[in-house]
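Okay, my_file.cif now, which holds mmCIF, C-alpha atoms and all ligand atoms:
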```cif
data_entry
loop_
_atom_site.label_atom_id
_atom_site.label_comp_id
_atom_site.auth_asym_id
_atom_site.auth_seq_id
_atom_site.Cartn_x
_atom_site.Cartn_y
_atom_site.Cartn_z
CA MET A 1 127.25 -66.40 2.42
CA GLY A 2 130.80 -65.08 2.36
CA LYS A 3 133.37 -65.94 -0.24
CA SER A 4 135.18 -69.16 0.41
CA LYS A 5 138.72 -69.37 1.66
CA VAL A 6 140.98 -70.78 -0.98
CA LEU A 7 144.35 -72.52 -0.90
CA VAL A 8 146.46 -72.49 -4.05
CA VAL A 9 148.99 -75.32 -4.26
CA GLY A 10 151.63 -74.57 -6.89
CA GLY A 11 151.05 -70.84 -6.57
CA THR A 12 154.43 -69.71 -7.88
CA GLY A 13 153.97 -71.61 -11.14
CA TYR A 14 153.14 -70.32 -14.61
CA ILE A 15 149.37 -70.56 -14.29
CA GLY A 16 149.32 -70.74 -10.48
CA LYS A 17 150.49 -67.16 -10.03
CA ARG A 18 147.64 -65.85 -12.19
CA ILE A 19 145.15 -67.88 -10.19
CA VAL A 20 146.51 -66.50 -6.90
CA LYS A 21 146.15 -62.95 -8.25
CA ALA A 22 142.62 -63.57 -9.50
CA CYS A 23 141.53 -65.07 -6.16
CA LEU A 24 142.89 -62.01 -4.35
CA ALA A 25 141.32 -59.63 -6.87
CA GLN A 26 137.94 -61.29 -6.43
CA GLY A 27 138.07 -60.89 -2.68
CA HIS A 28 138.79 -64.42 -1.55
CA GLU A 29 140.79 -65.01 1.57
CA THR A 30 143.70 -66.55 -0.32
CA TYR A 31 146.28 -68.96 1.05
CA VAL A 32 149.32 -70.13 -0.87
CA LEU A 33 151.31 -73.24 -0.03
CA GLN A 34 154.89 -72.42 0.84
CA ARG A 35 157.02 -75.53 0.36
CA PRO A 36 160.31 -75.87 2.25
CA GLU A 37 161.70 -77.57 -0.88
CA ILE A 38 161.93 -74.21 -2.64
CA GLY A 39 165.14 -73.86 -0.64
CA LEU A 40 167.29 -71.15 -2.15
CA ASP A 41 164.98 -70.46 -5.09
CA ILE A 42 164.92 -66.74 -4.51
CA ASP A 43 162.48 -66.05 -7.36
CA LYS A 44 159.86 -68.30 -5.80
CA LEU A 45 160.49 -66.89 -2.35
CA GLN A 46 160.13 -63.31 -3.53
CA MET A 47 156.98 -64.20 -5.41
CA LEU A 48 155.49 -65.70 -2.26
CA LEU A 49 156.43 -62.57 -0.33
CA SER A 50 154.82 -60.38 -2.97
CA PHE A 51 151.62 -62.44 -2.70
CA LYS A 52 151.75 -61.80 1.02
CA GLU A 53 152.08 -58.09 0.43
CA GLN A 54 149.02 -58.30 -1.79
CA GLY A 55 147.05 -59.86 1.04
CA ALA A 56 147.63 -63.60 0.67
CA ARG A 57 148.55 -65.80 3.61
CA LEU A 58 151.37 -68.27 3.28
CA ILE A 59 150.96 -71.76 4.73
CA GLU A 60 153.98 -73.99 5.12
CA GLY A 61 153.57 -77.52 3.91
CA SER A 62 155.34 -80.26 2.00
CA PHE A 63 154.30 -83.12 -0.23
CA SER A 64 156.64 -85.31 1.80
CA ASP A 65 154.81 -84.47 5.03
CA HIS A 66 151.23 -85.75 4.92
CA LYS A 67 150.21 -84.08 8.16
CA SER A 68 151.40 -80.69 6.94
CA LEU A 69 149.13 -81.03 3.90
CA VAL A 70 146.17 -82.08 6.05
CA ASP A 71 146.75 -79.11 8.36
CA ALA A 72 147.02 -76.72 5.41
CA VAL A 73 143.85 -78.01 3.80
CA LYS A 74 141.93 -77.78 7.09
CA GLN A 75 142.35 -74.02 7.11
CA VAL A 76 140.37 -73.42 3.91
CA ASP A 77 137.18 -74.33 2.03
CA VAL A 78 138.50 -74.71 -1.50
CA VAL A 79 141.78 -76.08 -2.85
CA ILE A 80 143.12 -75.22 -6.31
CA CYS A 81 146.14 -77.21 -7.43
CA THR A 82 148.30 -75.96 -10.29
CA MET A 83 150.94 -78.68 -10.10
CA SER A 84 153.33 -78.79 -13.03
CA GLY A 85 152.29 -80.77 -16.10
CA VAL A 86 154.38 -79.72 -19.09
CA HIS A 87 157.07 -82.21 -20.02
CA PHE A 88 159.82 -79.81 -21.02
CA ARG A 89 159.38 -77.91 -17.72
CA SER A 90 158.42 -80.52 -15.15
CA HIS A 91 155.64 -83.08 -14.93
CA ASN A 92 154.38 -84.08 -11.50
CA ILE A 93 150.67 -84.60 -12.05
CA LEU A 94 150.57 -87.82 -10.00
CA MET A 95 152.05 -86.05 -6.96
CA GLN A 96 148.55 -84.69 -6.55
CA LEU A 97 147.44 -88.11 -5.26
CA LYS A 98 149.06 -87.09 -1.98
CA LEU A 99 146.99 -83.94 -1.90
CA VAL A 100 143.86 -85.97 -2.64
CA ASP A 101 144.69 -88.18 0.37
CA ALA A 102 145.14 -85.12 2.56
CA ILE A 103 141.85 -83.59 1.38
CA LYS A 104 140.07 -86.87 2.03
CA GLU A 105 141.45 -87.08 5.54
CA ALA A 106 140.75 -83.43 6.34
CA GLY A 107 137.13 -83.93 5.24
CA ASN A 108 136.24 -80.22 5.14
CA ILE A 109 136.90 -79.26 1.52
CA LYS A 110 133.87 -77.96 -0.38
CA ARG A 111 135.60 -78.02 -3.73
CA PHE A 112 138.88 -79.21 -5.23
CA LEU A 113 140.21 -78.04 -8.59
CA PRO A 114 143.06 -80.33 -9.62
CA SER A 115 145.76 -79.34 -12.08
CA GLU A 116 144.07 -79.65 -15.47
CA PHE A 117 143.81 -76.35 -17.39
CA GLY A 118 144.21 -77.79 -20.88
CA MET A 119 142.52 -80.28 -23.15
CA ASP A 120 139.79 -82.33 -21.51
CA PRO A 121 141.56 -85.58 -20.60
CA ALA A 122 138.25 -87.44 -20.51
CA ARG A 123 137.99 -86.89 -24.27
CA MET A 124 141.53 -87.97 -25.04
CA GLU A 125 141.30 -91.73 -24.47
CA ASN A 126 142.63 -92.35 -27.97
CA ALA A 127 145.52 -89.89 -27.72
CA MET A 128 148.77 -91.14 -29.19
CA GLU A 129 151.88 -92.07 -27.28
CA PRO A 130 153.78 -90.61 -25.58
CA GLY A 131 151.57 -87.50 -25.23
CA ASN A 132 148.81 -89.64 -23.76
CA ILE A 133 150.71 -89.70 -20.43
CA THR A 134 149.42 -86.20 -19.72
CA PHE A 135 145.81 -87.29 -20.07
CA GLU A 136 146.19 -90.66 -18.38
CA GLU A 137 147.79 -89.14 -15.32
CA LYS A 138 145.14 -86.42 -15.10
CA MET A 139 142.46 -89.14 -15.36
CA THR A 140 144.15 -91.13 -12.57
CA VAL A 141 143.89 -88.05 -10.36
CA ARG A 142 140.23 -87.56 -11.33
CA LYS A 143 139.44 -91.15 -10.43
CA ALA A 144 141.05 -90.76 -7.00
CA ILE A 145 139.07 -87.54 -6.40
CA GLU A 146 135.78 -89.13 -7.38
CA LYS A 147 136.48 -92.33 -5.46
CA ALA A 148 137.13 -90.26 -2.32
CA LYS A 149 133.87 -88.36 -3.02
CA ILE A 150 135.63 -85.03 -2.97
CA PRO A 151 133.55 -82.28 -4.62
CA PHE A 152 135.39 -80.99 -7.68
CA THR A 153 135.48 -78.73 -10.73
CA TYR A 154 137.73 -79.50 -13.68
CA VAL A 155 138.81 -76.47 -15.70
CA SER A 156 139.43 -77.15 -19.38
CA ALA A 157 141.30 -73.99 -20.37
CA ASN A 158 142.27 -74.94 -23.93
CA CYS A 159 145.41 -73.32 -25.42
CA PHE A 160 147.32 -70.83 -23.29
CA ALA A 161 148.16 -67.76 -25.36
CA GLY A 162 151.81 -67.70 -24.31
CA TYR A 163 152.45 -71.13 -25.79
CA PHE A 164 150.10 -70.99 -28.79
CA VAL A 165 149.30 -67.40 -29.83
CA GLY A 166 152.50 -65.35 -29.66
CA ASN A 167 154.32 -67.88 -31.85
CA LEU A 168 151.40 -68.40 -34.28
CA SER A 169 151.37 -71.96 -32.90
CA GLN A 170 154.86 -72.82 -34.16
CA LEU A 171 156.62 -75.53 -32.18
CA ALA A 172 159.83 -75.00 -30.25
CA THR A 173 159.62 -71.21 -30.13
CA LEU A 174 157.54 -68.66 -28.28
CA LEU A 175 158.35 -65.79 -30.65
CA PRO A 176 156.35 -64.74 -33.70
CA PRO A 177 157.91 -65.98 -36.96
CA LYS A 178 159.45 -63.22 -39.07
CA ASP A 179 159.09 -64.48 -42.63
CA LYS A 180 157.46 -67.88 -42.91
CA VAL A 181 154.91 -69.79 -40.92
CA GLY A 182 154.11 -73.52 -40.95
CA ILE A 183 150.41 -74.25 -41.34
CA TYR A 184 149.04 -77.51 -39.95
CA GLY A 185 147.25 -79.12 -42.90
CA ASP A 186 144.85 -76.54 -44.32
CA GLY A 187 144.96 -74.58 -41.07
CA ASN A 188 141.18 -74.70 -40.79
CA GLN A 189 140.56 -76.70 -37.63
CA LYS A 190 138.92 -74.63 -34.93
CA VAL A 191 141.26 -74.03 -32.02
CA ILE A 192 140.54 -72.20 -28.75
CA PHE A 193 143.13 -69.72 -27.49
CA VAL A 194 142.82 -68.31 -23.98
CA ASP A 195 144.76 -65.52 -22.32
CA GLU A 196 146.36 -66.78 -19.10
CA ASP A 197 144.93 -63.93 -17.00
CA ASP A 198 141.47 -65.00 -18.18
CA VAL A 199 142.21 -68.56 -17.06
CA GLY A 200 142.89 -67.08 -13.62
CA THR A 201 139.76 -64.94 -13.65
CA TYR A 202 137.40 -67.70 -14.78
CA THR A 203 138.93 -70.21 -12.38
CA ALA A 204 138.48 -67.87 -9.42
CA LYS A 205 134.93 -67.09 -10.56
CA THR A 206 133.86 -70.69 -10.55
CA ILE A 207 134.99 -71.89 -7.14
CA ASP A 208 131.82 -70.81 -5.31
CA ASP A 209 129.43 -71.42 -8.19
CA PRO A 210 126.98 -74.27 -7.57
CA ARG A 211 126.47 -74.59 -11.33
CA THR A 212 129.96 -76.03 -11.78
CA LEU A 213 129.96 -78.35 -8.79
CA ASN A 214 131.19 -81.78 -9.94
CA LYS A 215 131.40 -80.56 -13.53
CA THR A 216 133.95 -79.49 -16.11
CA LEU A 217 134.20 -75.78 -16.87
CA TYR A 218 135.23 -75.25 -20.50
CA LEU A 219 136.78 -71.89 -21.35
CA ARG A 220 135.35 -71.42 -24.82
CA PRO A 221 134.29 -67.80 -25.44
CA LYS A 222 133.16 -67.39 -29.08
CA GLU A 223 135.77 -64.72 -29.84
CA ASN A 224 138.51 -67.11 -28.73
CA ILE A 225 137.64 -69.79 -31.27
CA LEU A 226 139.96 -69.26 -34.23
CA THR A 227 141.55 -71.44 -36.86
CA GLN A 228 145.31 -71.26 -37.24
CA MET A 229 144.70 -69.41 -40.54
CA GLN A 230 142.56 -66.81 -38.76
CA LEU A 231 145.23 -66.43 -36.10
CA VAL A 232 147.91 -65.82 -38.73
CA ASP A 233 145.60 -63.40 -40.50
CA LYS A 234 145.12 -61.35 -37.34
CA TRP A 235 148.86 -61.13 -36.85
CA GLU A 236 149.45 -60.14 -40.48
CA LYS A 237 146.90 -57.33 -40.17
CA LEU A 238 148.48 -56.20 -36.94
CA VAL A 239 152.00 -55.97 -38.31
CA GLY A 240 151.01 -54.97 -41.85
CA ARG A 241 153.07 -57.71 -43.44
CA THR A 242 152.25 -61.00 -45.16
CA LEU A 243 154.11 -64.13 -44.13
CA HIS A 244 155.01 -66.97 -46.45
CA LYS A 245 152.76 -69.90 -45.51
CA PHE A 246 153.73 -73.50 -46.08
CA SER A 247 151.46 -76.40 -45.30
CA ILE A 248 152.73 -79.30 -43.17
CA SER A 249 150.97 -82.58 -43.96
CA ALA A 250 149.75 -84.68 -41.06
CA GLN A 251 152.12 -87.42 -42.12
CA ASP A 252 155.20 -85.17 -42.19
CA PHE A 253 154.20 -83.62 -38.90
CA LEU A 254 153.95 -86.98 -37.16
CA ALA A 255 157.17 -88.15 -38.76
CA SER A 256 158.94 -85.16 -37.18
CA MET A 257 158.56 -86.89 -33.81
CA LYS A 258 161.26 -89.36 -34.70
CA GLY A 259 164.55 -88.62 -32.98
CA MET A 260 163.00 -86.02 -30.66
CA GLU A 261 163.30 -86.17 -26.91
CA LEU A 262 160.25 -87.19 -24.90
CA ALA A 263 159.12 -83.60 -24.24
CA GLY A 264 159.18 -82.78 -27.94
CA GLN A 265 157.27 -85.93 -28.83
CA VAL A 266 154.61 -85.10 -26.27
CA GLY A 267 154.28 -81.64 -27.82
CA VAL A 268 153.94 -82.99 -31.36
CA GLY A 269 151.25 -85.44 -30.25
CA HIS A 270 149.29 -82.70 -28.48
CA PHE A 271 149.59 -80.34 -31.44
CA TYR A 272 148.42 -83.12 -33.74
CA HIS A 273 145.22 -83.64 -31.77
CA ILE A 274 144.59 -79.91 -31.58
CA PHE A 275 145.51 -78.76 -35.10
CA TYR A 276 144.79 -81.78 -37.31
CA GLU A 277 141.96 -83.47 -35.42
CA GLY A 278 140.33 -80.37 -33.93
CA CYS A 279 139.94 -82.06 -30.54
CA LEU A 280 139.23 -78.81 -28.68
CA SER A 281 136.12 -77.90 -30.62
CA ASN A 282 134.77 -81.10 -32.21
CA PHE A 283 132.26 -81.73 -29.44
CA GLU A 284 129.31 -80.01 -27.86
CA ILE A 285 129.46 -79.28 -24.16
CA GLY A 286 126.95 -81.66 -22.58
CA GLU A 287 125.38 -82.19 -19.18
CA GLU A 288 128.74 -82.83 -17.58
CA GLY A 289 130.05 -79.39 -18.46
CA GLU A 290 129.43 -75.65 -18.54
CA GLU A 291 130.92 -72.93 -20.73
CA ALA A 292 132.65 -70.13 -18.85
CA SER A 293 131.66 -67.07 -20.91
CA GLU A 294 128.03 -68.17 -20.75
CA LEU A 295 128.16 -68.43 -16.98
CA TYR A 296 130.15 -65.25 -16.46
CA PRO A 297 129.41 -62.80 -19.28
CA GLU A 298 129.18 -59.69 -17.09
CA ASP A 299 130.52 -58.39 -13.82
CA GLY A 300 132.34 -55.49 -15.43
CA CYS A 301 135.21 -57.67 -16.55
CA GLY A 302 133.55 -58.69 -19.78
CA TYR A 303 135.78 -56.59 -22.00
CA ALA A 304 138.83 -58.13 -20.39
CA PHE A 305 137.91 -61.51 -21.80
CA GLY A 306 138.48 -62.80 -25.24
CA ALA A 307 141.17 -63.27 -27.84
CA GLN A 308 140.63 -59.67 -28.94
CA ARG A 309 142.80 -58.69 -26.04
CA LEU A 310 145.71 -60.96 -26.93
CA SER A 311 147.97 -59.51 -24.29
CA VAL A 312 150.79 -61.64 -25.60
CA TRP A 313 150.69 -59.70 -28.88
CA ARG A 314 150.34 -56.40 -27.15
CA SER A 315 153.63 -57.23 -25.51
CA TRP A 316 155.25 -58.04 -28.85
CA SER A 317 154.24 -54.64 -30.12
CA CYS A 318 156.54 -53.20 -27.45
CA CYS A 319 159.33 -55.61 -28.32
CA ASP A 320 162.27 -54.17 -30.24
CA ARG A 321 162.20 -56.83 -32.88
CA PHE A 322 158.73 -55.82 -34.01
CA SER A 323 158.30 -52.23 -33.02
CA VAL A 324 161.51 -51.31 -34.80
CA GLU A 325 161.35 -53.59 -37.78
CA LEU A 326 157.62 -53.64 -38.29
CA ASP A 327 156.50 -50.39 -36.73
CA VAL A 328 153.65 -52.00 -34.83
CA GLY A 329 151.30 -49.56 -33.19
CA PRO A 330 149.23 -50.38 -30.15
CA LEU A 331 146.72 -53.19 -30.61
CA GLN A 332 143.22 -51.98 -31.39
CA CYS A 333 140.75 -53.89 -29.29
P1 LIG A 401 154.69 -75.13 -13.63
O1 LIG A 401 155.72 -75.89 -14.40
O2 LIG A 401 154.78 -73.66 -13.66
O3 LIG A 401 154.70 -75.67 -12.14
C1 LIG A 401 153.66 -75.35 -11.25
C2 LIG A 401 154.02 -75.67 -9.83
O4 LIG A 401 154.12 -77.05 -9.61
C3 LIG A 401 155.35 -75.16 -9.33
O5 LIG A 401 155.35 -73.79 -9.16
C4 LIG A 401 155.51 -75.95 -8.04
O6 LIG A 401 154.81 -75.33 -6.97
C5 LIG A 401 154.75 -77.22 -8.35
N1 LIG A 401 155.67 -78.35 -8.36
C6 LIG A 401 156.52 -78.72 -9.33
N2 LIG A 401 157.21 -79.80 -8.93
C7 LIG A 401 156.80 -80.10 -7.69
C8 LIG A 401 157.14 -81.11 -6.76
N3 LIG A 401 158.06 -82.04 -7.03
N4 LIG A 401 156.49 -81.13 -5.57
C9 LIG A 401 155.55 -80.20 -5.29
N5 LIG A 401 155.19 -79.21 -6.13
C10 LIG A 401 155.81 -79.18 -7.31
O7 LIG A 401 153.24 -75.61 -14.13
P2 LIG A 401 152.31 -74.96 -15.24
O8 LIG A 401 151.65 -73.74 -14.72
O9 LIG A 401 153.06 -74.90 -16.51
O10 LIG A 401 151.21 -76.13 -15.41
C11 LIG A 401 150.07 -76.21 -14.59
C12 LIG A 401 148.96 -76.97 -15.34
O11 LIG A 401 148.61 -76.26 -16.53
C13 LIG A 401 149.34 -78.37 -15.76
O12 LIG A 401 148.25 -79.23 -15.53
C14 LIG A 401 149.60 -78.24 -17.25
O13 LIG A 401 149.34 -79.42 -17.98
C15 LIG A 401 148.66 -77.12 -17.65
N6 LIG A 401 149.15 -76.35 -18.81
C16 LIG A 401 148.28 -76.11 -19.85
C17 LIG A 401 148.71 -75.37 -20.93
C18 LIG A 401 147.76 -75.05 -22.03
O14 LIG A 401 148.13 -74.51 -23.06
N7 LIG A 401 146.50 -75.34 -21.84
C19 LIG A 401 150.06 -74.85 -21.05
C20 LIG A 401 150.87 -75.09 -19.87
C21 LIG A 401 150.41 -75.84 -18.81
P3 LIG A 401 155.42 -74.22 -5.96
O15 LIG A 401 154.82 -72.94 -6.43
O16 LIG A 401 154.97 -74.65 -4.63
O17 LIG A 401 156.91 -74.26 -6.13
C1 LIG A 402 150.89 -77.47 -23.32
C2 LIG A 402 154.30 -77.07 -26.47
C3 LIG A 402 154.76 -75.92 -27.09
C4 LIG A 402 155.01 -78.27 -26.62
C5 LIG A 402 147.32 -78.57 -23.21
C6 LIG A 402 156.18 -78.32 -27.40
C7 LIG A 402 148.51 -79.83 -21.52
C8 LIG A 402 147.34 -79.54 -22.19
C9 LIG A 402 146.01 -77.34 -24.78
O1 LIG A 402 153.13 -75.79 -22.83
O2 LIG A 402 152.38 -80.32 -25.04
O3 LIG A 402 156.44 -74.90 -28.53
O4 LIG A 402 146.13 -78.33 -23.81
O5 LIG A 402 157.78 -77.19 -28.82
O6 LIG A 402 146.18 -80.18 -21.89
C10 LIG A 402 153.20 -77.64 -24.37
C11 LIG A 402 151.97 -78.35 -23.87
C12 LIG A 402 153.03 -76.98 -25.70
C13 LIG A 402 153.87 -76.72 -23.43
C14 LIG A 402 151.49 -79.27 -24.94
C15 LIG A 402 149.66 -78.22 -22.92
C16 LIG A 402 148.49 -77.93 -23.56
C17 LIG A 402 149.66 -79.16 -21.88
C18 LIG A 402 155.94 -75.97 -27.87
C19 LIG A 402 156.63 -77.18 -28.03
C20 LIG A 402 155.79 -73.69 -28.42
#
```

Spit out the file's structure as structure tokens when you get a sec.
Amino acid sequence: MGKSKVLVVGGTGYIGKRIVKACLAQGHETYVLQRPEIGLDIDKLQMLLSFKEQGARLIEGSFSDHKSLVDAVKQVDVVICTMSGVHFRSHNILMQLKLVDAIKEAGNIKRFLPSEFGMDPARMENAMEPGNITFEEKMTVRKAIEKAKIPFTYVSANCFAGYFVGNLSQLATLLPPKDKVGIYGDGNQKVIFVDEDDVGTYTAKTIDDPRTLNKTLYLRPKENILTQMQLVDKWEKLVGRTLHKFSISAQDFLASMKGMELAGQVGVGHFYHIFYEGCLSNFEIGEEGEEASELYPEDGCGYAFGAQRLSVWRSWSCCDRFSVELDVGPLQC
């Protein structure tokens, strides 16, 4: 059986572009939705053209034109949606209901991967407001998928390195702290950090795998499970400098939400569940799920997986601020 044809919806986005690249790299006939709404967004247009140069096919379609979505979906076997879902960027998770309708009508889709790629929303029923919107909307999409009997895989990708590793998990910055670092409580909850390229690779790997049909794929390689303290320790060893650590109590952390805009409040709530409650690692993967590094340990890309690679830090070691001030050599991994 040949590799399935895949359509990526949201392909110019932060995680979408990695998924497009991984699908191409793994030999899938890869289609990317080209929305007329991108208008004069020249960055998106050029990205789409570069996908085309790399072998992707562009399909025109719009969320405000149902038939265009049905026609797009009819050309492929698998749909991966990477619709935006980060409040300070843009949050359109429920727009996917239109895509679900189109997939239902088309009737040919062997697997749909909706925009998830984070915490498992099914385990976040007790999440605090307003961050719970993220999980509730993702659950609404899941319910529509399951009601329409569309075959699915949900990818729980845990913490993207770009948002959680480079900054040692500090809020409101993506840069590594220079002198002092806030530690959530005792910094000992187990967190799972995943390189974005690995999210792409694992996602592409799973689309034709019968073992993940109608299941959740958790990206939880052992090397990627680190506490915040272990993360800070790795960085300190890398740069040969010790940072001043100050503990933030759960109470103070939650109190910091007050006066923030919605996006900031959502972030604080999510960080609370991850760093104080340990929501990413405080459960065993059961019958409803599979773990990615167990399913795909080999295939010659094994070394590319895992926090050891930390490409986000490798890039800091080439960044003036650290190579000059801290004389960081290349990462050993
Ligand atoms: P982006 O903000 O990069 O947006 C992705 C795409 O969404 C855009 O490129 C665009 O597609 C599409 N989009 C946005 N608005 C509209 C609209 N009105 N109509 C149609 N399409 C639209 O998303 P991310 O990559 O940041 O997020 C994707 C998923 O990953 C989300 O579910 C999010 O929650 C999750 N995530 C998880 C993180 C983690 O640490 N685990 C971190 C960040 C995100 P087009 O290419 O067609 O323009
Ligand atoms: C990422 C963030 C970083 C928020 C998830 C505020 C959905 C998920 C791990 O990417 O709110 O500074 O699971 O000041 O299921 C954001 C969100 C993280 C943005 C979390 C996310 C993670 C969304 C911030 C900040 C670095």

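With all atoms listed in the file as the atoms that count, the minimum distance from Ala127 (chain A) to the choices A:Glu277, A:Glu291, A:Asp101, A:Asp252 is reached by A:Glu277.
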
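Contact shell of Asp65 (chain A) at 12 Å (only C-alpha atoms; same-chain neighbours under 4 positions omitted): Arg35, Pro36, Glu37, Glu60, Gly61, Leu69, Val70, Asp71, Ala72, Lys98, Leu99, Asp101 and Ala102 of chain A.
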
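Among the candidate residues A:Met139, A:Ile15, A:Cys81, A:Val199, the one lying nearest to ligand LIG 401 (chain A) is A:Ile15, with distances computed using all atoms listed in the file.
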
Taking all atoms listed in the file into account, which residues have an atom no farther than 7 Å from ligand LIG 402 (chain A)? I'd like them as a list in words. Gly85, Val86, Glu116, Phe117, Gly118, Met119, Asp120, Thr134, Asn158, Cys159, Phe160, Tyr163, Phe164, Asn167, Ser169, Gln170, Leu171, Ala172, Thr173, Leu174, Ala263, Gly264, Val266, Gly267, Val268, His270 and Phe271 of chain A

Taking all atoms of ligand LIG 401 (chain A) that appear in the file, build a box with edges along x, y and z, extend it by 6 Å on every side, and state its centre and edge lengths in Å to one decimal, as lines of an AutoDock Vina configuration file.
```
center_x = 152.3
center_y = -77.5
center_z = -13.8
size_x = 23.6
size_y = 21.1
size_z = 30.4
```

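Computed from the coordinates, the CA of Asp186 (chain A) to CA of Ala250 (chain A) distance equals 10.0 Å.
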
Proximity to ligand LIG 401 (chain A) - best of A:Leu24, A:Ile150, A:Val191, A:Ile145, all atoms listed in the file: A:Val191

Which residue out of A:Pro210, A:Arg123, A:Gly185, A:Glu236 has the minimum interatomic distance to Leu254 (chain A) when only C-alpha atoms are used? A:Gly185

Since the input lacks atoms, please generate all heavy atoms for region 6-11 of chain A and provide them as a PDB file, keeping the file's coordinate frame.
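Produced file out.pdb, reproduced below:
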```pdb
ATOM      1  N   VAL A   6     140.388 -69.913   0.038  1.00  0.00           N
ATOM      2  CA  VAL A   6     140.980 -70.780  -0.980  1.00  0.00           C
ATOM      3  C   VAL A   6     142.483 -70.967  -0.757  1.00  0.00           C
ATOM      4  O   VAL A   6     143.172 -70.026  -0.376  1.00  0.00           O
ATOM      5  CB  VAL A   6     140.652 -70.244  -2.399  1.00  0.00           C
ATOM      6  CG1 VAL A   6     141.090 -68.814  -2.583  1.00  0.00           C
ATOM      7  CG2 VAL A   6     141.264 -71.115  -3.489  1.00  0.00           C
ATOM      8  N   LEU A   7     142.921 -72.197  -0.946  1.00  0.00           N
ATOM      9  CA  LEU A   7     144.350 -72.520  -0.900  1.00  0.00           C
ATOM     10  C   LEU A   7     144.823 -72.845  -2.308  1.00  0.00           C
ATOM     11  O   LEU A   7     144.236 -73.714  -2.966  1.00  0.00           O
ATOM     12  CB  LEU A   7     144.589 -73.739   0.007  1.00  0.00           C
ATOM     13  CG  LEU A   7     146.004 -74.364  -0.045  1.00  0.00           C
ATOM     14  CD1 LEU A   7     147.056 -73.423   0.528  1.00  0.00           C
ATOM     15  CD2 LEU A   7     146.029 -75.699   0.712  1.00  0.00           C
ATOM     16  N   VAL A   8     145.860 -72.149  -2.762  1.00  0.00           N
ATOM     17  CA  VAL A   8     146.460 -72.490  -4.050  1.00  0.00           C
ATOM     18  C   VAL A   8     147.741 -73.268  -3.790  1.00  0.00           C
ATOM     19  O   VAL A   8     148.629 -72.806  -3.067  1.00  0.00           O
ATOM     20  CB  VAL A   8     146.735 -71.228  -4.904  1.00  0.00           C
ATOM     21  CG1 VAL A   8     147.323 -71.621  -6.263  1.00  0.00           C
ATOM     22  CG2 VAL A   8     145.455 -70.420  -5.107  1.00  0.00           C
ATOM     23  N   VAL A   9     147.803 -74.452  -4.362  1.00  0.00           N
ATOM     24  CA  VAL A   9     148.990 -75.320  -4.260  1.00  0.00           C
ATOM     25  C   VAL A   9     149.688 -75.240  -5.613  1.00  0.00           C
ATOM     26  O   VAL A   9     149.080 -75.543  -6.639  1.00  0.00           O
ATOM     27  CB  VAL A   9     148.558 -76.768  -3.937  1.00  0.00           C
ATOM     28  CG1 VAL A   9     149.767 -77.703  -3.956  1.00  0.00           C
ATOM     29  CG2 VAL A   9     147.836 -76.820  -2.602  1.00  0.00           C
ATOM     30  N   GLY A  10     150.937 -74.793  -5.609  1.00  0.00           N
ATOM     31  CA  GLY A  10     151.630 -74.570  -6.890  1.00  0.00           C
ATOM     32  C   GLY A  10     151.531 -73.119  -7.300  1.00  0.00           C
ATOM     33  O   GLY A  10     151.628 -72.776  -8.481  1.00  0.00           O
ATOM     34  N   GLY A  11     151.371 -72.249  -6.316  1.00  0.00           N
ATOM     35  CA  GLY A  11     151.050 -70.840  -6.570  1.00  0.00           C
ATOM     36  C   GLY A  11     152.146 -70.028  -7.233  1.00  0.00           C
ATOM     37  O   GLY A  11     151.868 -68.959  -7.781  1.00  0.00           O
TER      38      GLY A  11
END
```
